[in-house]
file model_7.tsv (TSV, C-alpha atoms and all ligand atoms)
chain	number	residue	atom	x	y	z
A	1	MET	CA	76.68	25.54	38.25
A	2	ARG	CA	74.23	28.37	37.69
A	3	ASP	CA	73.27	30.84	40.38
A	4	PHE	CA	70.63	29.39	42.70
A	5	THR	CA	70.04	32.25	45.10
A	6	HIS	CA	66.82	32.15	47.06
A	7	LYS	CA	66.05	34.29	50.10
A	8	SER	CA	64.76	31.94	52.77
A	9	VAL	CA	61.44	33.09	54.18
A	10	LEU	CA	60.73	33.47	57.95
A	11	LEU	CA	64.19	32.12	58.81
A	12	ALA	CA	64.26	33.21	62.47
A	13	GLU	CA	60.73	31.91	63.00
A	14	VAL	CA	61.62	28.53	61.44
A	15	LEU	CA	64.59	28.18	63.81
A	16	ALA	CA	62.45	29.16	66.80
A	17	ALA	CA	59.93	26.46	65.80
A	18	MET	CA	62.39	23.69	64.93
A	19	GLN	CA	64.71	24.36	67.93
A	20	PRO	CA	67.79	22.77	66.32
A	21	ARG	CA	70.31	21.42	68.86
A	22	PRO	CA	73.45	19.29	68.74
A	23	GLY	CA	72.58	15.63	68.31
A	24	GLY	CA	69.10	16.44	66.90
A	25	ARG	CA	67.79	15.00	63.61
A	26	TYR	CA	65.88	17.11	61.15
A	27	ALA	CA	64.22	16.70	57.75
A	28	ASP	CA	63.89	19.49	55.19
A	29	GLY	CA	61.38	18.34	52.56
A	30	THR	CA	61.85	21.43	50.37
A	31	LEU	CA	65.58	22.15	50.14
A	32	GLY	CA	65.32	24.85	47.43
A	33	GLY	CA	68.53	26.89	47.65
A	34	GLY	CA	69.40	25.18	50.96
A	35	GLY	CA	69.07	28.31	53.13
A	36	HIS	CA	66.85	26.84	55.83
A	37	ALA	CA	68.83	23.58	55.75
A	38	GLU	CA	72.10	25.46	56.22
A	39	ALA	CA	70.71	27.39	59.20
A	40	ILE	CA	69.42	24.16	60.79
A	41	LEU	CA	72.78	22.41	60.36
A	42	GLU	CA	74.63	25.47	61.67
A	43	ALA	CA	72.41	25.77	64.74
A	44	SER	CA	72.65	22.04	65.51
A	45	SER	CA	76.46	21.91	65.19
A	46	PRO	CA	78.54	19.93	65.70
A	47	THR	CA	76.46	16.74	65.68
A	48	GLY	CA	72.94	17.56	64.38
A	49	ARG	CA	71.92	15.65	61.21
A	50	LEU	CA	69.65	16.52	58.32
A	51	TYR	CA	67.70	14.52	55.75
A	52	GLY	CA	66.89	16.79	52.81
A	53	CYS	CA	64.96	16.42	49.59
A	54	ASP	CA	63.50	18.44	46.76
A	55	ARG	CA	61.63	17.38	43.66
A	56	ASP	CA	63.85	19.60	41.61
A	57	GLY	CA	67.23	18.09	40.70
A	58	GLU	CA	68.83	21.54	40.26
A	59	ALA	CA	67.77	22.48	43.80
A	60	VAL	CA	69.31	19.33	45.26
A	61	GLU	CA	72.55	20.03	43.39
A	62	ALA	CA	72.63	23.65	44.61
A	63	ALA	CA	71.84	22.65	48.20
A	64	SER	CA	74.53	19.98	48.27
A	65	LEU	CA	77.13	22.60	47.27
A	66	ARG	CA	75.85	25.05	49.85
A	67	LEU	CA	75.93	22.42	52.60
A	68	ALA	CA	79.33	20.98	51.63
A	69	ARG	CA	81.01	22.24	54.81
A	70	PHE	CA	78.68	20.03	56.87
A	71	ALA	CA	79.76	16.88	54.97
A	72	GLY	CA	78.93	13.69	56.84
A	73	ARG	CA	76.00	15.31	58.65
A	74	PHE	CA	73.37	15.25	55.89
A	75	GLU	CA	71.77	12.97	53.32
A	76	LEU	CA	70.05	14.53	50.27
A	77	ARG	CA	67.76	13.06	47.61
A	78	GLN	CA	65.80	14.21	44.61
A	79	ALA	CA	62.37	13.14	45.81
A	80	SER	CA	58.98	14.43	46.82
A	81	PHE	CA	58.41	15.06	50.51
A	82	ALA	CA	55.30	12.90	50.06
A	83	ASP	CA	57.76	9.96	50.09
A	84	LEU	CA	59.82	11.01	53.14
A	85	GLY	CA	58.56	7.96	55.02
A	86	GLU	CA	60.20	5.64	52.46
A	87	TRP	CA	63.76	6.59	53.34
A	88	VAL	CA	63.76	8.54	56.60
A	89	PRO	CA	63.43	6.16	59.56
A	90	ALA	CA	60.07	6.30	61.35
A	91	GLY	CA	60.13	8.10	64.70
A	92	SER	CA	63.66	9.46	64.10
A	93	CYS	CA	63.29	13.23	63.65
A	94	ASP	CA	63.07	16.16	66.05
A	95	GLY	CA	61.74	18.48	63.36
A	96	VAL	CA	60.41	18.44	59.79
A	97	LEU	CA	60.24	21.55	57.61
A	98	LEU	CA	58.03	22.01	54.52
A	99	ASP	CA	58.53	25.43	52.86
A	100	LEU	CA	56.06	25.07	50.00
A	101	GLY	CA	55.82	26.63	46.58
A	102	LEU	CA	58.57	27.74	44.24
A	103	SER	CA	62.09	28.98	44.76
A	104	SER	CA	63.21	32.22	43.15
A	105	PRO	CA	65.49	30.44	40.63
A	106	GLN	CA	62.56	28.29	39.46
A	107	LEU	CA	60.42	31.35	38.96
A	108	ASP	CA	63.16	33.49	37.41
A	109	ARG	CA	64.42	30.95	34.89
A	110	ALA	CA	62.36	31.31	31.73
A	111	GLU	CA	63.11	27.78	30.52
A	112	ARG	CA	61.32	26.24	33.52
A	113	GLY	CA	58.08	27.72	32.24
A	114	PHE	CA	56.64	28.97	35.55
A	115	SER	CA	56.61	32.67	34.73
A	116	PHE	CA	54.17	34.60	32.58
A	117	GLN	CA	56.55	37.54	32.60
A	118	GLN	CA	59.20	35.77	30.56
A	119	ASP	CA	58.82	33.65	27.47
A	120	GLY	CA	59.63	29.98	27.89
A	121	PRO	CA	58.19	26.54	27.17
A	122	LEU	CA	54.85	25.96	28.95
A	123	ASP	CA	56.39	23.40	31.30
A	124	MET	CA	56.00	24.08	35.09
A	125	ARG	CA	57.28	20.68	36.23
A	126	MET	CA	59.29	20.86	39.46
A	127	ASP	CA	60.65	17.38	38.70
A	128	THR	CA	61.54	17.41	35.02
A	129	ARG	CA	61.62	13.56	34.98
A	130	GLN	CA	57.86	13.60	35.48
A	131	GLY	CA	55.58	13.19	32.44
A	132	GLN	CA	52.83	15.78	32.24
A	133	THR	CA	53.71	19.42	31.51
A	134	ALA	CA	51.48	22.50	31.70
A	135	ALA	CA	51.28	22.44	27.88
A	136	ASP	CA	49.89	18.88	28.00
A	137	LEU	CA	47.21	20.00	30.42
A	138	VAL	CA	46.31	23.21	28.59
A	139	ASN	CA	46.17	21.47	25.21
A	140	HIS	CA	44.27	18.33	26.25
A	141	ALA	CA	42.05	18.89	29.30
A	142	ASP	CA	38.42	19.62	28.44
A	143	ALA	CA	36.87	23.01	29.15
A	144	ASP	CA	35.07	21.84	32.33
A	145	GLU	CA	38.27	20.45	33.77
A	146	LEU	CA	40.23	23.63	32.98
A	147	ALA	CA	37.49	25.81	34.46
A	148	ARG	CA	37.44	23.69	37.62
A	149	LEU	CA	41.23	23.98	37.99
A	150	PHE	CA	41.26	27.74	37.50
A	151	TRP	CA	38.48	28.21	40.02
A	152	GLU	CA	39.42	25.68	42.70
A	153	LEU	CA	43.20	26.02	42.59
A	154	GLY	CA	43.52	29.65	41.53
A	155	GLY	CA	40.31	31.29	42.74
A	156	GLU	CA	40.02	32.75	39.21
A	157	ARG	CA	36.61	34.39	38.84
A	158	GLN	CA	36.72	34.26	35.04
A	159	ALA	CA	37.48	30.53	35.08
A	160	ARG	CA	34.78	29.47	32.60
A	161	ARG	CA	35.46	32.24	30.18
A	162	LEU	CA	39.21	31.54	30.20
A	163	ALA	CA	38.68	27.80	29.76
A	164	ARG	CA	36.39	28.32	26.76
A	165	ALA	CA	38.82	30.75	25.14
A	166	ILE	CA	41.71	28.32	25.62
A	167	VAL	CA	39.81	25.44	24.03
A	168	GLU	CA	38.81	27.61	21.07
A	169	ARG	CA	42.31	28.99	20.49
A	170	ARG	CA	44.05	25.60	20.80
A	171	SER	CA	41.88	24.11	18.05
A	172	GLU	CA	43.76	26.40	15.64
A	173	ARG	CA	47.20	26.01	17.21
A	174	PRO	CA	48.31	24.29	20.46
A	175	PHE	CA	49.86	26.40	23.21
A	176	GLU	CA	53.59	25.92	23.48
A	177	THR	CA	54.91	28.92	25.38
A	178	THR	CA	54.17	30.84	28.58
A	179	ARG	CA	53.78	34.10	26.66
A	180	SER	CA	51.22	32.69	24.24
A	181	LEU	CA	49.01	31.60	27.15
A	182	ALA	CA	49.57	34.82	29.12
A	183	ALA	CA	48.75	36.89	26.02
A	184	LEU	CA	45.44	35.07	25.53
A	185	ILE	CA	44.54	35.62	29.20
A	186	GLU	CA	45.43	39.31	28.96
A	187	ARG	CA	43.08	39.59	25.99
A	188	VAL	CA	40.18	37.57	27.38
A	189	ALA	CA	40.28	38.69	31.02
A	190	PRO	CA	42.14	42.00	31.28
A	191	ARG	CA	42.38	43.51	34.77
A	192	ARG	CA	42.73	47.19	34.27
A	193	GLY	CA	44.23	48.90	37.29
A	194	ALA	CA	44.69	45.65	39.26
A	195	ARG	CA	47.95	45.14	41.16
A	196	THR	CA	48.47	41.60	39.93
A	197	HIS	CA	48.86	40.41	36.34
A	198	PRO	CA	45.69	38.87	34.86
A	199	ALA	CA	47.47	35.51	34.36
A	200	THR	CA	48.61	35.18	38.01
A	201	LYS	CA	45.75	32.97	39.19
A	202	ALA	CA	45.54	30.76	36.11
A	203	PHE	CA	49.31	30.15	36.19
A	204	GLN	CA	49.14	29.31	39.91
A	205	ALA	CA	46.33	26.83	39.26
A	206	LEU	CA	48.19	25.11	36.41
A	207	ARG	CA	51.37	24.82	38.47
A	208	ILE	CA	49.51	23.26	41.41
A	209	ALA	CA	47.78	20.80	39.08
A	210	VAL	CA	50.88	19.83	37.05
A	211	ASN	CA	52.78	19.01	40.25
A	212	ASP	CA	49.79	17.61	42.16
A	213	GLU	CA	50.86	19.95	44.94
A	214	LEU	CA	47.79	19.45	47.13
A	215	GLY	CA	48.00	15.65	46.95
A	216	ALA	CA	51.72	15.86	47.78
A	217	LEU	CA	51.00	18.17	50.72
A	218	ARG	CA	48.40	15.79	52.23
A	219	SER	CA	50.74	12.81	51.88
A	220	GLY	CA	53.69	14.92	53.06
A	221	LEU	CA	51.95	15.89	56.30
A	222	ASP	CA	51.20	12.22	57.02
A	223	ALA	CA	54.80	11.30	56.19
A	224	ALA	CA	56.14	14.08	58.44
A	225	LEU	CA	54.10	12.80	61.36
A	226	LYS	CA	55.43	9.29	60.73
A	227	VAL	CA	59.13	10.26	60.71
A	228	LEU	CA	58.86	12.52	63.77
A	229	LYS	CA	59.70	11.44	67.34
A	230	ASN	CA	57.17	12.17	70.03
A	231	GLY	CA	57.71	15.83	70.93
A	232	GLY	CA	59.11	16.55	67.44
A	233	ARG	CA	57.69	19.43	65.41
A	234	ILE	CA	56.28	19.93	61.92
A	235	THR	CA	56.83	23.44	60.57
A	236	VAL	CA	54.99	24.36	57.36
A	237	ILE	CA	55.20	27.56	55.33
A	238	THR	CA	52.40	28.03	52.80
A	239	PHE	CA	51.92	30.71	50.15
A	240	HIS	CA	48.23	30.58	49.35
A	241	SER	CA	44.95	29.92	51.08
A	242	VAL	CA	44.24	26.51	49.50
A	243	GLU	CA	47.47	25.10	50.98
A	244	ASP	CA	47.02	26.85	54.30
A	245	ARG	CA	43.52	25.39	54.66
A	246	ILE	CA	44.91	21.86	54.23
A	247	VAL	CA	47.57	22.43	56.91
A	248	LYS	CA	45.06	23.97	59.32
A	249	GLU	CA	42.59	21.14	58.77
A	250	PHE	CA	45.31	18.52	59.23
A	251	GLY	CA	46.26	20.09	62.58
A	252	ARG	CA	42.66	20.34	63.72
A	253	THR	CA	41.82	16.74	62.81
A	254	ARG	CA	44.94	15.15	64.30
A	255	ALA	CA	44.74	17.21	67.50
A	256	ARG	CA	41.21	16.01	68.18
A	257	GLY	CA	40.66	13.25	70.71
A	258	TYR	CA	38.06	11.52	68.54
A	259	THR	CA	37.15	10.49	64.99
A	260	PHE	CA	33.78	10.33	63.27
A	261	ALA	CA	32.48	8.46	60.25
A	262	GLY	CA	31.11	10.43	57.28
A	263	SER	CA	31.50	14.12	56.61
A	264	GLU	CA	29.56	15.55	59.57
A	265	ASP	CA	30.75	15.69	63.18
A	266	VAL	CA	27.74	14.46	65.17
A	267	PRO	CA	28.70	14.46	68.90
A	268	GLU	CA	26.73	11.25	69.65
A	269	LEU	CA	28.61	9.33	66.94
A	270	ARG	CA	32.15	10.27	67.97
A	271	GLN	CA	34.71	7.50	68.49
A	272	PRO	CA	37.38	8.43	71.07
A	273	CYS	CA	41.02	8.13	69.92
A	274	PRO	CA	44.25	9.57	71.33
A	275	PRO	CA	45.22	12.93	69.71
A	276	GLU	CA	48.38	12.66	67.62
A	277	LEU	CA	49.57	16.23	67.83
A	278	ARG	CA	49.24	19.62	69.43
A	279	VAL	CA	48.86	22.79	67.35
A	280	LEU	CA	51.38	25.37	68.59
A	281	THR	CA	50.32	28.27	66.33
A	282	HIS	CA	46.65	29.08	66.67
A	283	LYS	CA	47.14	31.97	64.28
A	284	ALA	CA	49.56	31.61	61.39
A	285	VAL	CA	52.85	33.51	61.78
A	286	LYS	CA	53.51	36.06	59.00
A	287	PRO	CA	56.60	38.02	57.96
A	288	GLY	CA	57.20	41.33	59.74
A	289	ALA	CA	57.64	44.72	58.07
A	290	ALA	CA	61.43	44.39	57.79
A	291	GLU	CA	61.24	41.04	55.98
A	292	LEU	CA	58.47	42.30	53.69
A	293	ALA	CA	60.58	45.30	52.74
A	294	ASP	CA	63.65	43.13	52.14
A	295	ASN	CA	61.86	40.31	50.30
A	296	PRO	CA	58.55	41.17	48.62
A	297	ARG	CA	58.10	37.50	47.65
A	298	SER	CA	57.53	36.70	51.33
A	299	ARG	CA	54.28	38.70	51.36
A	300	SER	CA	51.88	35.77	51.29
A	301	ALA	CA	53.91	33.42	53.51
A	302	GLN	CA	52.18	31.88	56.54
A	303	LEU	CA	53.89	29.57	59.01
A	304	ARG	CA	52.20	26.96	61.21
A	305	VAL	CA	53.80	24.64	63.76
A	306	MET	CA	52.49	21.38	65.22
A	307	GLU	CA	54.06	19.10	67.82
A	308	LYS	CA	53.72	15.31	67.79
A	309	ILE	CA	52.38	13.95	71.06
B	401	LIG	C1	60.23	28.07	48.62
B	401	LIG	S1	61.33	26.88	47.97
B	401	LIG	C2	62.24	26.33	49.37
B	401	LIG	C3	63.34	27.26	49.78
B	401	LIG	C4	64.24	26.74	50.87
B	401	LIG	N1	63.52	26.52	52.11
B	401	LIG	C5	65.42	27.65	51.11
B	401	LIG	O1	65.65	28.09	52.24
B	401	LIG	O2	66.15	27.93	50.12
B	401	LIG	C6	60.28	25.53	47.67
B	401	LIG	C7	60.96	24.30	47.12
B	401	LIG	O3	60.10	23.20	47.38
B	401	LIG	C8	60.20	22.30	46.32
B	401	LIG	N2	59.01	21.44	46.37
B	401	LIG	C9	57.73	21.80	46.18
B	401	LIG	N3	56.92	20.73	46.35
B	401	LIG	C10	57.72	19.69	46.69
B	401	LIG	C11	57.49	18.32	47.02
B	401	LIG	N4	56.27	17.80	47.01
B	401	LIG	N5	58.55	17.56	47.38
B	401	LIG	C12	59.80	18.08	47.38
B	401	LIG	N6	60.09	19.35	47.06
B	401	LIG	C13	59.06	20.14	46.72
B	401	LIG	C14	60.35	23.16	45.09
B	401	LIG	O4	60.95	22.44	44.04
B	401	LIG	C15	61.22	24.29	45.64
B	401	LIG	O5	62.59	24.05	45.40
call {"tool": "encode", "arguments": {"input": "model_7.tsv", "output": "structure tokens"}}
result
Amino acid sequence: MRDFTHKSVLLAEVLAAMQPRPGGRYADGTLGGGGHAEAILEASSPTGRLYGCDRDGEAVEAASLRLARFAGRFELRQASFADLGEWVPAGSCDGVLLDLGLSSPQLDRAERGFSFQQDGPLDMRMDTRQGQTAADLVNHADADELARLFWELGGERQARRLARAIVERRSERPFETTRSLAALIERVAPRRGARTHPATKAFQALRIAVNDELGALRSGLDAALKVLKNGGRITVITFHSVEDRIVKEFGRTRARGYTFAGSEDVPELRQPCPPELRVLTHKAVKPGAAELADNPRSRSAQLRVMEKI
């Protein structure tokens, strides 16, 4: 078993939100290295139970080793949290955690193809059983589609220019490796003096698209609400603004005591309905100075908590 060390982000804040206690039931939809799951099982000893999943088979394997001492108190699967409702009983959980994004081992392992700093196959699949890789997308999507991805999912200002350059270069030779794509981006859209690498945004956009991360998040929030008991809490940690907006909007919509047809909220056309949840964090919780110093990867983390009514 290879090393699968990942520093869990906002650990104390997650425990404060989830309030693990003996006899409680919890779901961790993003096991990663199993750090949050371990803390939840520890804090809910001796009888708390945990359902855990991750799309990444290596993460599930690592988490099951880390949690071995709690044998009999957890059930783990390789699955997307979008499908939590298919195997976790409805109305059974006191807390659901979604800690989005990548784990350190995914990012650090060149062969997974997430990193532009190391050379590996242009893959980026969290679940390697899934079909489409980043190379498939980069070599087959048309320029408009690539530009849209880079702009909408990465906020890349040079989206069009990058997309055109990719389409031109791939007509000579398809992209196969992370370095070949990063090198093209460095050439076409250099960022002299910038703190982040020029390929950061494009790589983020490709990763989100390959794993349909936004679709999974929307379905995952619905699934979390379904498996929670009344009074149970959803805790979500996001790492970029596109994800955070979805979580915020989900909370706002489900906390409202009405629905409306169409895209505009016209007060006269509102249909009353009971609110499904209460938003407990009006401002997102962020890591403090000590955590930032200890774990620079936590810098963009934002935590939000909602309680099912
Ligand atoms: C930041 S890590 C989680 C770290 C974990 N909380 C810990 O303490 O070690 C994010 C994990 O979420 C997983 N993931 C991302 N999207 C997922 C999804 N839709 N369903 C299941 N797992 C997902 C990734 O594979 C990755 O292992």
call {"tool": "closest_residue", "arguments": {"input": "model_7.tsv", "among": "A:Arg252, A:Arg278, A:Arg148, A:His36", "to": "Met306 of chain A", "atoms": "only C-alpha atoms"}}
result
A:Arg278
call {"tool": "residues_around", "arguments": {"input": "model_7.tsv", "residues": "segment 88-105 of chain A", "least_positions_apart": "2", "cutoff": "6 Å", "atoms": "all atoms listed in the file", "output": "ChimeraX atom specification"}}
result
/A:4,6,18,25-30,32,84-85,107-109,226-229,232-238
call {"tool": "residues_around", "arguments": {"input": "model_7.tsv", "residues": "segment 295-305 of chain A", "least_positions_apart": "2", "cutoff": "8 Å", "atoms": "all atoms listed in the file", "output": "list in words"}}
result
Lys7, Val9, Leu10, Ala17, Arg233, Ile234, Thr235, Val236, Ile237, Thr238, Phe239, His240, Asp244, Val247, Lys248, Val279, Leu280, Thr281, Lys283, Ala284, Val285, Lys286, Pro287, Glu291, Leu292, Ala293 and Glu307 of chain A
call {"tool": "axis_aligned_box", "arguments": {"input": "model_7.tsv", "around": "ligand LIG 401 (chain B)", "padding_each_side": "8 Å", "output": "JSON"}}
result
{"center_x": 61.2, "center_y": 22.8, "center_z": 48.1, "size_x": 25.9, "size_y": 26.5, "size_z": 24.2}
call {"tool": "closest_residue", "arguments": {"input": "model_7.tsv", "among": "A:Ala165, A:Gly251, A:Asp56, A:Asp119", "to": "His282 of chain A", "atoms": "all atoms listed in the file"}}
result
A:Gly251
call {"tool": "atom_distance", "arguments": {"input": "model_7.tsv", "atom1": "atom CA of Arg73 of chain A", "atom2": "atom C3 of ligand LIG 401 (chain B)"}}
result
19.5 Å
call {"tool": "atom_distance", "arguments": {"input": "model_7.tsv", "atom1": "atom CA of Glu264 of chain A", "atom2": "atom CA of Glu156 of chain A"}}
result
28.6 Å
call {"tool": "atom_distance", "arguments": {"input": "model_7.tsv", "atom1": "atom CA of Gln106 of chain A", "atom2": "atom C14 of ligand LIG 401 (chain B)"}}
result
7.9 Å
call {"tool": "closest_residue", "arguments": {"input": "model_7.tsv", "among": "A:Phe203, A:Phe175, A:Phe81, A:Phe150", "to": "ligand LIG 401 (chain B)", "atoms": "only C-alpha atoms and all ligand atoms"}}
result
A:Phe81
call {"tool": "closest_residue", "arguments": {"input": "model_7.tsv", "among": "A:Asp142, A:Glu176, A:Glu42, A:Glu213", "to": "ligand LIG 401 (chain B)", "atoms": "only C-alpha atoms and all ligand atoms"}}
result
A:Glu213
call {"tool": "residues_around", "arguments": {"input": "model_7.tsv", "residues": "Leu206 of chain A", "least_positions_apart": "2", "cutoff": "9 Å", "atoms": "only C-alpha atoms", "output": "VMD selection string"}}
result
chain A and resid 124 134 137 to 138 146 149 to 150 153 to 154 201 to 204 208 to 211
call {"tool": "residues_around", "arguments": {"input": "model_7.tsv", "residues": "Thr47 of chain A", "least_positions_apart": "5", "cutoff": "9 Å", "atoms": "all atoms listed in the file", "output": "NGL selection string"}}
result
:A and (21-24 or 41 or 73)
call {"tool": "closest_residue", "arguments": {"input": "model_7.tsv", "among": "A:Arg69, A:Arg170, A:Arg218, A:Arg179", "to": "ligand LIG 401 (chain B)", "atoms": "all atoms listed in the file"}}
result
A:Arg218
call {"tool": "closest_residue", "arguments": {"input": "model_7.tsv", "among": "A:Asp212, A:Glu145, A:Glu168, A:Glu111", "to": "ligand LIG 401 (chain B)", "atoms": "all atoms listed in the file"}}
result
A:Asp212
call {"tool": "residues_around", "arguments": {"input": "model_7.tsv", "residues": "segment 269-275 of chain A", "least_positions_apart": "4", "cutoff": "7 Å", "atoms": "all atoms listed in the file", "output": "PyMOL selection string"}}
result
chain A and resi 254-260
